[in-house]
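*Asks:* CSV, C-alpha atoms, saved as protein_36.csv, coming up:
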```csv
chain,number,residue,atom,x,y,z
A,1,MET,CA,91.1,-63.6,47.8
A,2,ASP,CA,89.8,-65.8,50.6
A,3,GLY,CA,88.4,-64.2,53.8
A,4,ALA,CA,86.5,-61.1,54.8
A,5,ALA,CA,87.5,-57.6,53.8
A,6,GLY,CA,85.3,-56.4,56.6
A,7,VAL,CA,83.9,-53.4,54.7
A,8,ARG,CA,80.9,-52.9,52.5
A,9,GLU,CA,81.3,-51.4,49.0
A,10,ARG,CA,79.1,-50.8,46.0
A,11,LEU,CA,79.3,-53.9,43.8
A,12,VAL,CA,77.9,-54.8,40.4
A,13,LEU,CA,78.0,-58.5,39.5
A,14,ARG,CA,77.9,-58.5,35.7
A,15,GLY,CA,77.8,-61.2,33.0
A,16,GLY,CA,76.4,-64.1,34.9
A,17,LEU,CA,73.1,-66.0,34.9
A,18,VAL,CA,71.0,-64.8,37.8
A,19,LEU,CA,68.5,-67.1,39.7
A,20,ASP,CA,64.9,-66.3,39.8
A,21,PRO,CA,63.9,-68.6,42.7
A,22,VAL,CA,60.1,-68.0,42.2
A,23,ALA,CA,60.1,-69.1,38.5
A,24,GLU,CA,63.0,-71.6,39.1
A,25,VAL,CA,65.0,-70.3,36.2
A,26,PHE,CA,68.4,-68.7,35.5
A,27,ARG,CA,68.4,-65.6,33.3
A,28,PRO,CA,71.1,-63.2,32.1
A,29,GLY,CA,71.2,-60.2,34.4
A,30,GLU,CA,73.1,-58.0,36.8
A,31,VAL,CA,73.0,-57.8,40.5
A,32,HIS,CA,73.8,-54.4,42.2
A,33,LEU,CA,74.7,-54.1,45.9
A,34,ALA,CA,75.1,-51.0,48.0
A,35,GLY,CA,75.7,-51.2,51.7
A,36,ASP,CA,73.9,-54.1,53.1
A,37,ARG,CA,71.1,-54.2,50.5
A,38,VAL,CA,70.4,-55.3,46.9
A,39,VAL,CA,69.6,-52.2,45.0
A,40,ALA,CA,68.0,-51.3,41.6
A,41,GLY,CA,70.5,-51.0,38.8
A,42,ASP,CA,69.8,-47.4,38.2
A,43,VAL,CA,71.1,-46.2,41.6
A,44,ASP,CA,73.9,-43.6,41.1
A,45,GLY,CA,77.3,-43.9,42.6
A,46,PRO,CA,80.8,-45.4,41.9
A,47,ALA,CA,80.9,-49.2,42.0
A,48,ARG,CA,83.3,-52.1,41.6
A,49,VAL,CA,82.3,-54.3,38.8
A,50,VAL,CA,82.9,-58.0,39.3
A,51,ASP,CA,83.0,-60.1,36.1
A,52,VAL,CA,80.9,-63.2,36.7
A,53,THR,CA,80.6,-64.3,33.0
A,54,GLY,CA,79.7,-67.9,32.7
A,55,LEU,CA,78.8,-68.3,36.4
A,56,LEU,CA,75.6,-68.8,38.3
A,57,VAL,CA,74.5,-66.0,40.6
A,58,THR,CA,72.1,-66.8,43.4
A,59,PRO,CA,70.9,-65.3,46.6
A,60,GLY,CA,73.0,-66.4,49.6
A,61,LEU,CA,72.1,-69.9,50.4
A,62,VAL,CA,69.8,-70.7,53.3
A,63,ASP,CA,70.5,-74.0,55.1
A,64,LEU,CA,67.4,-75.0,56.9
A,65,HIS,CA,69.0,-77.8,59.0
A,66,THR,CA,72.5,-77.2,60.5
A,67,HIS,CA,74.2,-77.4,63.9
A,68,VAL,CA,76.2,-74.3,64.6
A,69,PHE,CA,76.3,-74.2,68.5
A,70,ALA,CA,79.8,-73.1,69.2
A,71,GLY,CA,81.5,-75.4,71.8
A,72,GLN,CA,78.8,-78.2,71.5
A,73,ASP,CA,80.1,-81.5,70.3
A,74,LEU,CA,78.1,-81.1,67.1
A,75,GLY,CA,78.8,-77.5,66.5
A,76,VAL,CA,80.6,-76.1,63.4
A,77,ASP,CA,81.4,-72.5,62.9
A,78,ALA,CA,78.8,-70.7,60.8
A,79,ASP,CA,81.0,-67.9,59.5
A,80,THR,CA,83.8,-70.3,58.4
A,81,ILE,CA,81.5,-72.7,56.7
A,82,GLY,CA,79.4,-70.0,55.2
A,83,ALA,CA,82.3,-68.1,53.5
A,84,GLY,CA,83.5,-71.1,51.7
A,85,SER,CA,80.1,-72.5,50.7
A,86,GLY,CA,77.9,-69.6,49.8
A,87,VAL,CA,75.6,-70.1,52.8
A,88,THR,CA,74.7,-66.8,54.5
A,89,THR,CA,71.7,-68.0,56.6
A,90,PHE,CA,72.0,-70.9,58.9
A,91,VAL,CA,69.0,-72.4,60.8
A,92,ASP,CA,70.2,-74.5,63.7
A,93,ALA,CA,68.0,-77.6,64.1
A,94,GLY,CA,67.7,-78.4,67.8
A,95,SER,CA,71.2,-78.0,69.1
A,96,ALA,CA,69.7,-75.9,71.9
A,97,GLY,CA,66.7,-76.4,74.1
A,98,GLY,CA,65.0,-74.1,76.6
A,99,HIS,CA,67.9,-74.3,79.1
A,100,LEU,CA,70.6,-73.6,76.5
A,101,ILE,CA,69.1,-71.1,74.2
A,102,ASP,CA,70.6,-68.1,76.1
A,103,ALA,CA,74.1,-69.7,75.8
A,104,PHE,CA,73.5,-70.3,72.1
A,105,ARG,CA,72.6,-66.7,71.5
A,106,MET,CA,75.8,-65.5,73.3
A,107,THR,CA,78.2,-67.9,71.7
A,108,SER,CA,76.7,-68.6,68.2
A,109,VAL,CA,74.6,-65.6,67.2
A,110,ALA,CA,76.0,-62.4,68.8
A,111,GLY,CA,78.8,-61.0,66.7
A,112,ARG,CA,78.3,-63.5,63.8
A,113,ARG,CA,78.4,-62.3,60.3
A,114,SER,CA,76.1,-65.1,59.2
A,115,ARG,CA,72.4,-64.8,59.9
A,116,VAL,CA,71.4,-67.5,62.4
A,117,ARG,CA,68.0,-68.7,63.4
A,118,VAL,CA,66.9,-71.7,65.5
A,119,TRP,CA,64.6,-74.6,65.7
A,120,LEU,CA,64.2,-75.0,69.4
A,121,ASN,CA,64.6,-78.5,70.7
A,122,ILE,CA,61.6,-79.7,72.8
A,123,ALA,CA,64.2,-81.2,75.2
A,124,SER,CA,65.6,-78.4,77.4
A,125,ILE,CA,69.2,-79.8,77.0
A,126,GLY,CA,69.1,-79.8,73.2
A,127,THR,CA,71.3,-82.4,71.5
A,128,THR,CA,74.1,-81.8,74.0
A,129,SER,CA,76.1,-84.9,72.9
A,130,ILE,CA,74.7,-87.4,70.4
A,131,ARG,CA,77.6,-89.7,71.1
A,132,LEU,CA,76.4,-90.3,74.7
A,133,ALA,CA,72.6,-90.5,74.8
A,134,GLY,CA,69.6,-89.1,73.1
A,135,GLU,CA,68.0,-86.0,74.6
A,136,LEU,CA,64.6,-87.8,74.8
A,137,THR,CA,65.8,-90.7,77.0
A,138,THR,CA,64.8,-88.6,80.1
A,139,LEU,CA,61.3,-87.3,79.6
A,140,ALA,CA,61.6,-84.7,82.3
A,141,TYR,CA,63.8,-82.7,79.9
A,142,CYS,CA,60.8,-82.3,77.6
A,143,ASP,CA,59.2,-79.6,79.7
A,144,GLU,CA,56.6,-77.8,77.7
A,145,ARG,CA,56.6,-74.7,79.9
A,146,VAL,CA,60.4,-74.3,79.7
A,147,ALA,CA,60.2,-74.6,75.9
A,148,VAL,CA,57.4,-72.1,75.5
A,149,GLU,CA,59.0,-69.5,77.8
A,150,ALA,CA,62.3,-69.8,76.1
A,151,ALA,CA,60.8,-69.4,72.6
A,152,ARG,CA,58.9,-66.3,73.7
A,153,ARG,CA,62.0,-64.9,75.3
A,154,HIS,CA,63.9,-65.3,72.0
A,155,ARG,CA,61.1,-64.7,69.5
A,156,ASP,CA,63.4,-63.0,67.1
A,157,LEU,CA,65.6,-66.1,67.0
A,158,VAL,CA,63.3,-69.1,67.3
A,159,ILE,CA,61.5,-70.0,64.1
A,160,GLY,CA,60.0,-73.3,65.2
A,161,VAL,CA,60.2,-76.4,67.4
A,162,LYS,CA,62.3,-79.4,66.7
A,163,ILE,CA,62.0,-83.0,67.9
A,164,ARG,CA,64.2,-86.0,67.0
A,165,ALA,CA,61.4,-88.5,67.1
A,166,SER,CA,63.2,-91.8,66.6
A,167,HIS,CA,64.1,-94.9,68.6
A,168,ASP,CA,67.8,-94.1,68.7
A,169,VAL,CA,67.1,-90.7,70.4
A,170,GLY,CA,64.4,-91.6,72.9
A,171,GLY,CA,63.6,-95.3,72.9
A,172,PRO,CA,60.0,-95.7,73.9
A,173,HIS,CA,59.6,-92.1,74.8
A,174,GLY,CA,59.3,-90.8,71.2
A,175,PRO,CA,55.5,-90.7,70.9
A,176,VAL,CA,55.1,-88.9,74.3
A,177,ALA,CA,57.8,-86.4,73.4
A,178,MET,CA,56.2,-85.9,70.0
A,179,ALA,CA,52.9,-85.0,71.6
A,180,ARG,CA,54.6,-82.5,73.8
A,181,ALA,CA,56.4,-80.9,70.9
A,182,ARG,CA,53.2,-80.7,69.0
A,183,ARG,CA,51.5,-78.9,71.8
A,184,VAL,CA,54.3,-76.4,72.2
A,185,ALA,CA,54.4,-75.6,68.5
A,186,ASP,CA,50.7,-75.1,68.6
A,187,GLU,CA,50.8,-72.8,71.6
A,188,LEU,CA,53.5,-70.7,70.0
A,189,GLY,CA,51.9,-70.7,66.6
A,190,LEU,CA,55.1,-71.9,65.0
A,191,PRO,CA,56.0,-74.8,62.7
A,192,LEU,CA,57.2,-78.2,64.0
A,193,MET,CA,60.2,-79.9,62.5
A,194,VAL,CA,60.3,-83.6,63.0
A,195,HIS,CA,63.5,-85.7,62.5
A,196,LEU,CA,62.7,-89.1,60.8
A,197,GLY,CA,64.7,-92.0,61.9
A,198,PRO,CA,64.3,-95.6,63.1
A,199,ALA,CA,60.8,-96.4,64.5
A,200,PRO,CA,59.2,-95.7,66.8
A,201,CYS,CA,57.8,-93.2,65.9
A,202,PRO,CA,56.4,-94.8,62.7
A,203,VAL,CA,56.5,-92.5,59.7
A,204,ASP,CA,52.7,-92.9,59.2
A,205,ASP,CA,52.1,-91.6,62.7
A,206,ILE,CA,54.5,-88.7,62.3
A,207,MET,CA,52.9,-87.6,59.0
A,208,ALA,CA,49.4,-87.8,60.6
A,209,ALA,CA,50.6,-85.4,63.3
A,210,LEU,CA,52.0,-82.8,60.9
A,211,ARG,CA,50.1,-79.8,59.7
A,212,ALA,CA,50.5,-77.1,57.0
A,213,GLY,CA,53.8,-75.4,57.4
A,214,ASP,CA,55.4,-78.2,59.5
A,215,VAL,CA,58.5,-79.9,58.2
A,216,LEU,CA,59.7,-83.5,58.0
A,217,THR,CA,63.5,-83.5,57.9
A,218,HIS,CA,65.6,-86.4,56.7
A,219,CYS,CA,62.9,-87.1,54.2
A,220,CYS,CA,65.2,-89.3,52.1
A,221,THR,CA,66.5,-91.4,55.1
A,222,GLY,CA,66.7,-95.1,54.5
A,223,PHE,CA,66.0,-96.8,57.8
A,224,ALA,CA,64.3,-100.1,56.9
A,225,GLY,CA,60.6,-100.0,57.3
A,226,ASN,CA,60.4,-96.3,58.2
A,227,GLU,CA,61.1,-94.6,54.9
A,228,ILE,CA,58.7,-92.3,53.1
A,229,VAL,CA,58.5,-94.8,50.3
A,230,ALA,CA,57.2,-98.4,50.5
A,231,GLY,CA,57.5,-100.8,47.6
A,232,GLY,CA,59.1,-98.1,45.6
A,233,ARG,CA,56.1,-95.8,45.9
A,234,LEU,CA,55.5,-92.7,48.1
A,235,ARG,CA,53.4,-93.7,51.1
A,236,ALA,CA,49.8,-92.6,51.1
A,237,SER,CA,50.4,-90.8,54.5
A,238,VAL,CA,53.2,-88.7,52.9
A,239,ARG,CA,51.1,-87.8,49.9
A,240,ALA,CA,48.2,-86.7,52.2
A,241,ALA,CA,50.5,-84.7,54.4
A,242,ARG,CA,52.0,-82.9,51.3
A,243,ASP,CA,48.5,-82.1,50.1
A,244,ARG,CA,47.7,-80.3,53.3
A,245,GLY,CA,51.0,-78.3,53.2
A,246,VAL,CA,53.6,-80.3,55.1
A,247,ARG,CA,57.1,-79.7,53.7
A,248,LEU,CA,59.8,-82.3,53.0
A,249,ASP,CA,63.4,-81.3,53.9
A,250,VAL,CA,66.5,-83.3,52.9
A,251,GLY,CA,68.7,-82.9,56.0
A,252,HIS,CA,71.5,-85.1,54.5
A,253,GLY,CA,73.7,-85.5,57.6
A,254,MET,CA,75.2,-88.9,58.5
A,255,SER,CA,72.2,-91.1,57.8
A,256,GLY,CA,69.5,-88.6,56.6
A,257,PHE,CA,70.0,-89.4,52.9
A,258,ASP,CA,69.6,-92.7,51.1
A,259,VAL,CA,70.0,-92.4,47.3
A,260,ARG,CA,67.5,-95.2,46.7
A,261,VAL,CA,64.7,-93.3,48.6
A,262,ALA,CA,65.6,-90.1,46.8
A,263,ARG,CA,65.4,-91.8,43.4
A,264,ALA,CA,62.1,-93.3,44.2
A,265,MET,CA,60.7,-90.0,45.4
A,266,LEU,CA,61.9,-88.2,42.3
A,267,ALA,CA,60.6,-90.9,40.0
A,268,GLU,CA,57.2,-90.3,41.6
A,269,GLY,CA,57.5,-86.6,40.5
A,270,VAL,CA,58.0,-85.4,44.1
A,271,LEU,CA,60.8,-83.0,44.7
A,272,PRO,CA,61.9,-82.1,48.2
A,273,ASP,CA,60.6,-78.7,49.3
A,274,SER,CA,64.0,-77.7,50.8
A,275,ILE,CA,67.5,-79.1,50.4
A,276,SER,CA,69.6,-78.8,53.6
A,277,SER,CA,72.9,-80.3,54.8
A,278,ASP,CA,72.4,-81.3,58.4
A,279,LEU,CA,76.0,-80.2,58.6
A,280,HIS,CA,77.7,-80.8,62.0
A,281,ALA,CA,81.1,-81.9,63.3
A,282,TYR,CA,80.4,-85.6,62.8
A,283,SER,CA,78.6,-85.4,59.4
A,284,GLN,CA,81.0,-82.9,57.8
A,285,PRO,CA,83.4,-85.5,56.3
A,286,LEU,CA,80.5,-87.3,54.5
A,287,VAL,CA,78.3,-84.3,53.7
A,288,GLY,CA,81.0,-81.8,52.6
A,289,THR,CA,79.0,-78.6,52.1
A,290,LEU,CA,75.5,-77.6,51.1
A,291,PRO,CA,76.7,-77.1,47.5
A,292,ASP,CA,77.9,-80.7,47.6
A,293,VAL,CA,74.4,-81.8,48.6
A,294,LEU,CA,72.9,-79.8,45.7
A,295,SER,CA,75.4,-81.4,43.4
A,296,ARG,CA,74.1,-84.8,44.5
A,297,PHE,CA,70.7,-83.8,43.4
A,298,LEU,CA,72.0,-82.7,40.1
A,299,ALA,CA,73.4,-86.2,39.7
A,300,LEU,CA,69.9,-87.5,40.2
A,301,GLY,CA,68.4,-85.4,37.5
A,302,MET,CA,67.3,-82.2,39.2
A,303,ASN,CA,68.3,-79.1,37.2
A,304,GLU,CA,70.4,-76.2,38.6
A,305,ALA,CA,67.6,-73.8,39.1
A,306,GLN,CA,65.4,-76.3,40.8
A,307,ALA,CA,68.2,-77.2,43.2
A,308,PHE,CA,69.1,-73.6,44.1
A,309,ALA,CA,65.5,-72.6,44.6
A,310,ARG,CA,65.3,-75.2,47.2
A,311,ALA,CA,68.3,-73.8,49.0
A,312,THR,CA,67.3,-70.1,48.8
A,313,LEU,CA,63.8,-68.9,48.7
A,314,ALA,CA,62.0,-72.1,49.7
A,315,PRO,CA,63.8,-72.6,53.0
A,316,ALA,CA,63.7,-68.8,53.7
A,317,ALA,CA,59.9,-69.1,53.4
A,318,ILE,CA,59.7,-72.1,55.7
A,319,ALA,CA,61.8,-70.1,58.2
A,320,GLY,CA,59.5,-67.1,58.0
A,321,LEU,CA,62.2,-64.9,56.4
A,322,ALA,CA,61.0,-64.5,52.9
A,323,ASP,CA,59.1,-61.3,53.7
A,324,THR,CA,62.4,-59.7,54.6
A,325,GLY,CA,63.9,-60.6,51.2
A,326,VAL,CA,66.1,-63.4,52.4
A,327,GLY,CA,66.5,-66.0,49.7
A,328,THR,CA,65.9,-63.4,46.9
A,329,LEU,CA,67.8,-60.8,44.9
A,330,ARG,CA,65.0,-58.3,44.7
A,331,ALA,CA,65.7,-54.6,45.4
A,332,GLY,CA,65.7,-54.1,49.1
A,333,ALA,CA,66.7,-57.6,50.0
A,334,PRO,CA,69.7,-58.2,52.2
A,335,ALA,CA,73.0,-58.1,50.2
A,336,ASP,CA,73.6,-61.8,50.5
A,337,VAL,CA,74.8,-63.3,47.3
A,338,ALA,CA,76.6,-66.4,46.2
A,339,VAL,CA,78.3,-67.2,42.8
A,340,PHE,CA,79.1,-70.7,41.6
A,341,ARG,CA,81.0,-72.3,38.8
A,342,LEU,CA,79.6,-75.5,37.3
A,343,VAL,CA,82.6,-77.8,37.2
A,344,ASP,CA,82.2,-80.5,34.5
A,345,MET,CA,84.1,-83.6,35.6
A,346,PRO,CA,84.4,-85.8,32.5
A,347,ASP,CA,85.6,-88.8,34.5
A,348,GLY,CA,82.7,-88.3,36.9
A,349,ILE,CA,82.5,-87.9,40.6
A,350,ASP,CA,81.6,-90.5,43.2
A,351,TRP,CA,79.1,-89.5,45.8
A,352,ARG,CA,78.2,-91.4,49.0
A,353,ASP,CA,75.0,-91.4,50.9
A,354,GLY,CA,74.5,-92.2,54.6
A,355,HIS,CA,73.5,-95.8,54.1
A,356,GLY,CA,76.5,-97.3,52.3
A,357,ASN,CA,75.5,-96.6,48.7
A,358,ASN,CA,77.7,-94.9,46.1
A,359,PHE,CA,76.4,-93.1,43.0
A,360,ARG,CA,78.1,-91.1,40.3
A,361,GLY,CA,77.6,-87.6,39.0
A,362,ARG,CA,79.4,-85.3,36.6
A,363,ILE,CA,78.8,-81.8,37.8
A,364,ARG,CA,80.1,-80.2,41.0
A,365,LEU,CA,79.1,-76.8,42.2
A,366,GLU,CA,82.1,-74.7,43.2
A,367,PRO,CA,81.6,-71.5,45.2
A,368,VAL,CA,83.7,-68.6,43.8
A,369,LEU,CA,82.1,-65.6,45.5
A,370,THR,CA,80.2,-65.1,48.8
A,371,VAL,CA,78.8,-61.7,49.9
A,372,ALA,CA,77.3,-61.7,53.4
A,373,SER,CA,75.3,-58.6,54.4
A,374,GLY,CA,77.3,-56.6,51.8
A,375,ILE,CA,80.7,-57.8,52.9
A,376,VAL,CA,82.8,-59.9,50.5
A,377,VAL,CA,83.9,-62.9,52.5
A,378,LEU,CA,85.1,-65.1,49.6
A,379,ASP,CA,86.3,-63.9,46.1
A,380,ARG,CA,87.8,-66.3,43.7
A,381,THR,CA,86.4,-64.6,40.6
A,382,ALA,CA,89.6,-63.4,39.0
A,383,GLY,CA,89.8,-65.2,35.7
A,384,ALA,CA,86.7,-67.3,36.6
A,385,GLY,CA,84.9,-66.3,33.4
```
Please rewrite the model in this file as structure tokens.

*Replies:*
Amino acid sequence: MDGAAGVRERLVLRGGLVLDPVAEVFRPGEVHLAGDRVVAGDVDGPARVVDVTGLLVTPGLVDLHTHVFAGQDLGVDADTIGAGSGVTTFVDAGSAGGHLIDAFRMTSVAGRRSRVRVWLNIASIGTTSIRLAGELTTLAYCDERVAVEAARRHRDLVIGVKIRASHDVGGPHGPVAMARARRVADELGLPLMVHLGPAPCPVDDIMAALRAGDVLTHCCTGFAGNEIVAGGRLRASVRAARDRGVRLDVGHGMSGFDVRVARAMLAEGVLPDSISSDLHAYSQPLVGTLPDVLSRFLALGMNEAQAFARATLAPAAIAGLADTGVGTLRAGAPADVAVFRLVDMPDGIDWRDGHGNNFRGRIRLEPVLTVASGIVVLDRTAGAG
């Protein structure tokens, strides 16, 4: 069955390997759902048992970098994407700024089954249309007061501030806009997410401006001279930033992932803190889905538990949602669950990055069950074991 039944029922997922995202391991276990919550296994009541033998059971995926502003040129539909990919929480990364956040809430949050949160763009117009011009080309749009007031008005929605600090977005205005974004994040007491792209801003300057809890997205991008690696080694500025608590997010997108940078980073023993898709209307043909991005990291040697931990609890913590149970399967957590099959492809699978490189993997993650807030929205488990 594909699609939403629209009703909540008592479910027991039995026979699978269940992710512990804290320990980063899969263990045999059961998951019990009642209403919109995960419950302890000894709760009484009739239940539908779903056989997930041989499958991986995880919290609903949390995608820290997406674009789900309905009607905007970048926007994809969160509920449609989520059902088929196991993503139950979407964090939109800067589609809306201070003058569009009300429209974002009305069109892309209200009435959605998926949980949606926002990185508020420092530019009041948000991304608007990346095919026309970058939102930082006119500095007047980077109005600090507009951003602060919008974030406070939508405090339940806004989890941080976003800036696309790169030459292709703002030309020479990047450093000034970056300083404004820093001040806004500090005034709000929220993290700052910075998009890494072509210089300026130089990566060393960006890293120097980031603090504990802030996020560098597109950490594996391969724009020549502005990567987080130099000479095959992680830059000193990146190591120093990580030591003080700055997080590295993948944000695959159209050009946010270069397999050569990812390999160099992993060879240094540095794993990204969160794995996100940067999924939008233009990137979707290349990216596929968040499970496809996780599959790319499996091809590079990351194990399944490491990959899923970075798409569940880790991004939930960055987004300030971990205390609510998002990204976990502990009792009392939201009834957001995803189940995956590991598809072994003996002839291999070709993956592409955003910089013209191909690489091969053998395992592809296939979603077979998605439960969003207790509602089954995808079920392909019949015969899956």

*Asks:* Pick out the closest residue to Asp92 (chain A) from this set: A:Cys142, A:Ala335, A:Met106, A:Val76. Count only C-alpha atoms.

*Replies:* A:Val76

*Asks:* Between CA of Gly332 (chain A) and CA of Gly320 (chain A), what is the distance, to one decimal in Å?

*Replies:*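 Between CA of Gly332 (chain A) and CA of Gly320 (chain A) the gap works out to 16.9 Å.
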
*Asks:* What gap, in Å, lies between CA of Ala83 (chain A) and CA of Ser255 (chain A)?

*Replies:*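 Distance reported for this atom pair: 25.5 Å.
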
*Asks:* Around all the atoms of region 213-218 of chain A listed in the file, draw an axis-aligned box and extend it by 6 Å on each of the six sides; I want its centre and edge lengths in Å to one decimal, as lines of an AutoDock Vina configuration file.

*Replies:*
```
center_x = 59.7
center_y = -80.9
center_z = 58.1
size_x = 23.8
size_y = 23.0
size_z = 14.8
```

*Asks:* Name the closest residue to Gly126 (chain A) among the candidates A:His67, A:Arg48, A:Arg183, A:Arg112; distances are taken between atoms, counting only C-alpha atoms.

*Replies:*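 Between A:His67, A:Arg48, A:Arg183, A:Arg112, the residue approaching Gly126 (chain A) most closely is A:His67.
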
*Asks:* Skip Leu290 (chain A) itself and residues of its chain fewer than 6 positions away, then list as a ChimeraX atom specification all residues within 7 Å of it, counting only C-alpha atoms.

*Replies:* /A:85,276-277

*Asks:* Rounded to one decimal in Å, what is the spacing between CA of Leu64 (chain A) and CA of Gly171 (chain A)?

*Replies:*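 Atom-to-atom, CA of Leu64 (chain A) and CA of Gly171 (chain A) are spaced 26.1 Å apart.
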
*Asks:* Residues at most 9 Å from Gly97 (chain A), counting only C-alpha atoms, excluding those fewer than 6 positions away in the same chain, as a list in words?

*Replies:*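 In the requested form, the answer reads Trp119, Leu120, Asn121, Ile122, Ala123, Ser124, Ile125, Gly126, Thr127, Val146, Ala147 and Ala150 of chain A.
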
*Asks:* I'd like the contact shell of Pro59 (chain A) - 7 Å cut-off, all atoms listed in the file, skipping same-chain residues fewer than 5 positions apart - returned as a PyMOL selection string.

*Replies:* chain A and resi 312+327-329+336-338

*Asks:* Take the selection from the previous step and output its residues with C-alpha atoms, as a JSON list (two decimals), keeping the file's coordinate frame.

*Replies:*
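For reference, selection10.json as written:
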```json
[["chain", "number", "residue", "atom", "x", "y", "z"],
["A", 312, "THR", "CA", 67.30, -70.10, 48.80],
["A", 327, "GLY", "CA", 66.50, -66.00, 49.70],
["A", 328, "THR", "CA", 65.90, -63.40, 46.90],
["A", 329, "LEU", "CA", 67.80, -60.80, 44.90],
["A", 336, "ASP", "CA", 73.60, -61.80, 50.50],
["A", 337, "VAL", "CA", 74.80, -63.30, 47.30],
["A", 338, "ALA", "CA", 76.60, -66.40, 46.20]]
```

*Asks:* As a list in words, please: the residues near Gly84 (chain A) (cut-off 8 Å, only C-alpha atoms, same-chain neighbours under 5 positions excluded).

*Replies:*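 Residues meeting the cut-off are Pro367, Thr370 and Leu378 of chain A.
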
*Asks:* With all atoms listed in the file as the counted atoms, please give the residues lying no more than 8 Å from Gly54 (chain A), apart from itself and same-chain residues fewer than 2 positions off, as an mmCIF file with C-alpha atoms, keeping the file's coordinate frame.

*Replies:*
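Everything below was put into out-v2.cif:
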```cif
data_model
loop_
_atom_site.group_PDB
_atom_site.id
_atom_site.type_symbol
_atom_site.label_atom_id
_atom_site.label_comp_id
_atom_site.auth_asym_id
_atom_site.auth_seq_id
_atom_site.Cartn_x
_atom_site.Cartn_y
_atom_site.Cartn_z
ATOM 1 C CA GLY A 15 77.800 -61.200 33.000
ATOM 2 C CA GLY A 16 76.400 -64.100 34.900
ATOM 3 C CA LEU A 17 73.100 -66.000 34.900
ATOM 4 C CA VAL A 52 80.900 -63.200 36.700
ATOM 5 C CA LEU A 56 75.600 -68.800 38.300
ATOM 6 C CA ARG A 341 81.000 -72.300 38.800
ATOM 7 C CA GLY A 385 84.900 -66.300 33.400
#
```

*Asks:* Choose the residue, out of A:Thr221, A:Thr107, A:Asn303, A:Ser95, that has the smallest atom-to-atom separation from Gly356 (chain A); count only C-alpha atoms.

*Replies:*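 Smallest distance to Gly356 (chain A) is found for A:Thr221.
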
*Asks:* Nearest to Asp73 (chain A) among A:Gly98, A:Arg180, A:Asp214, A:Tyr282, with distances taken over only C-alpha atoms: which residue is it?

*Replies:* A:Tyr282

*Asks:* Using 12 Å as the limit and counting only C-alpha atoms, can you tabulate each residue of region 149-230 of chain A that touches region 321-325 of chain A, with its shortest atom-to-atom distance in Å and the two atoms involved, as CSV?

*Replies:*
```
residue,atom,partner,partner_atom,distance
A:Asp156,CA,A:Leu321,CA,10.9
A:Leu157,CA,A:Leu321,CA,11.2
A:Val158,CA,A:Leu321,CA,11.7
A:Ile159,CA,A:Leu321,CA,9.3
```

*Asks:* Taking only C-alpha atoms into account, name the residue in A:Met345, A:Ala165, A:Val259, A:Ala177 that is nearest to Asn358 (chain A).

*Replies:*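 That would be A:Val259, the residue with the smallest distance to Asn358 (chain A).
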